[in-house]
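These notes concern the structure reproduced below.
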Amino acid sequence: QVQLVESGGGLVQAGGSLRLSCAASGRTFSSYGMGWFRQAPGKQREFVSAITWSAGSTYYADSVKGRFTISRDNAKNTVYLQMNILKPEDTAVYYCAAGSKETYYRGTYASPGSYDSWGQGTQVTVSS
């Protein structure tokens, strides 16, 4: 497994931007697909975005498409989520997760249960 630590969350006004980072430990980071999920109070954890191990493919939830951008730097063992034009409904705890290649081959990258390792989460609050 890989250890994950998120950072970059905070309070921002609607229309603003934040950049989340997820730093991974271990030398096998480049073999994992990485996902971002979020969970608002009283709601289930939901898929936000994912990226394959070589960054050849990226995926987004419809609710964030065109506003969020996922990227990764395998040399730095880090995955990023650039969030623009933030809305109050984006308020949640954001988690990054590491998933095996099989998760992506099977097309189950949007399912939280497909991921083996999770970070502790970082709070994002968007005020109206």
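Naming scheme: A, B, ... for chains in displayed order of the structure tokens; residues 1 onward per chain; ligands 1 onward as shown.
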
Notebook entry, point to check: Excluding same-chain residues fewer than 5 positions from Thr58 in chain A, what lies within 8 Å of it counting only C-alpha atoms, as a PyMOL selection string?
Noted result: chain A and resi 49-52+70

Residues of range 57-77 of chain A that have any atom at most 12 Å from an atom of range 20-29 of chain A: could you tabulate them with the shortest-distance atom pair and the distance in Å to one decimal, using only C-alpha atoms, ordered by chain and increasing number, as a tab-separated table?
residue	atom	partner	partner_atom	distance
A:Phe68	CA	A:Leu20	CA	10.5
A:Thr69	CA	A:Leu20	CA	10.4
A:Ile70	CA	A:Leu20	CA	9.5
A:Ser71	CA	A:Ser21	CA	9.7
A:Arg72	CA	A:Cys22	CA	9.2
A:Asp73	CA	A:Phe29	CA	9.8
A:Asn74	CA	A:Phe29	CA	6.8
A:Ala75	CA	A:Phe29	CA	9.2
A:Lys76	CA	A:Ala23	CA	7.9
A:Asn77	CA	A:Ala24	CA	5.3

Next item on the list: Fewer than 5 positions away in the same chain doesn't count, so skip those; otherwise give me all residues within 9 Å of range 115-128 of chain A, counting only C-alpha atoms, as number ranges by chain.
Entry: A: 1-16, 18, 20, 22, 34-35, 38, 86-100, 103, 109

Checklist line | DSSP helix (DSSP H, G or I) residues within chain A, as a PyMOL selection string | finding: chain A and resi 29-31+88-90+101-105+112-114

Next item on the list: Using DSSP on the backbone, list every residue of range 4-92 of chain A that comes out as strand (DSSP E or B), and give them as a PyMOL selection string.
Entry: chain A and resi 4-7+10-13+18-24+33-39+46-51+58-60+68-73+78-83+92

Please provide the set of residues having any atom within 9 Å of Phe47 in chain A, restricted to only C-alpha atoms, with same-chain residues fewer than 4 positions apart removed, written as a PDB file with C-alpha atoms, in the first residue's frame.
ATOM      1  CA  GLY A  35      -8.554   9.313  -7.686  1.00  0.00           C
ATOM      2  CA  TRP A  36     -10.067  12.287  -5.924  1.00  0.00           C
ATOM      3  CA  PHE A  37     -13.321  11.849  -4.023  1.00  0.00           C
ATOM      4  CA  ARG A  38     -15.312  14.148  -1.776  1.00  0.00           C
ATOM      5  CA  TYR A  60     -14.195  13.714 -14.261  1.00  0.00           C
ATOM      6  CA  ALA A  61     -17.597  13.730 -12.657  1.00  0.00           C
ATOM      7  CA  TYR A 109     -12.279   4.033 -11.054  1.00  0.00           C
ATOM      8  CA  ALA A 110     -15.353   5.983  -9.911  1.00  0.00           C
ATOM      9  CA  SER A 111     -16.186   3.500  -7.174  1.00  0.00           C
ATOM     10  CA  PRO A 112     -14.671   4.239  -3.749  1.00  0.00           C
TER      11      PRO A 112
END

Check: So what do you get for CA of Arg19 in chain A versus CA of Pro41 in chain A, distance-wise?
Finding: 21.5 Å

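Atom pair CA of Tyr80 in chain A / CA of Gly42 in chain A has a distance of 25.8 Å (rounded to one decimal).
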
Notebook entry, point to check: Any idea what the distance is between CA of Val64 in chain A and CA of Tyr105 in chain A?
Noted result: 22.9 Å
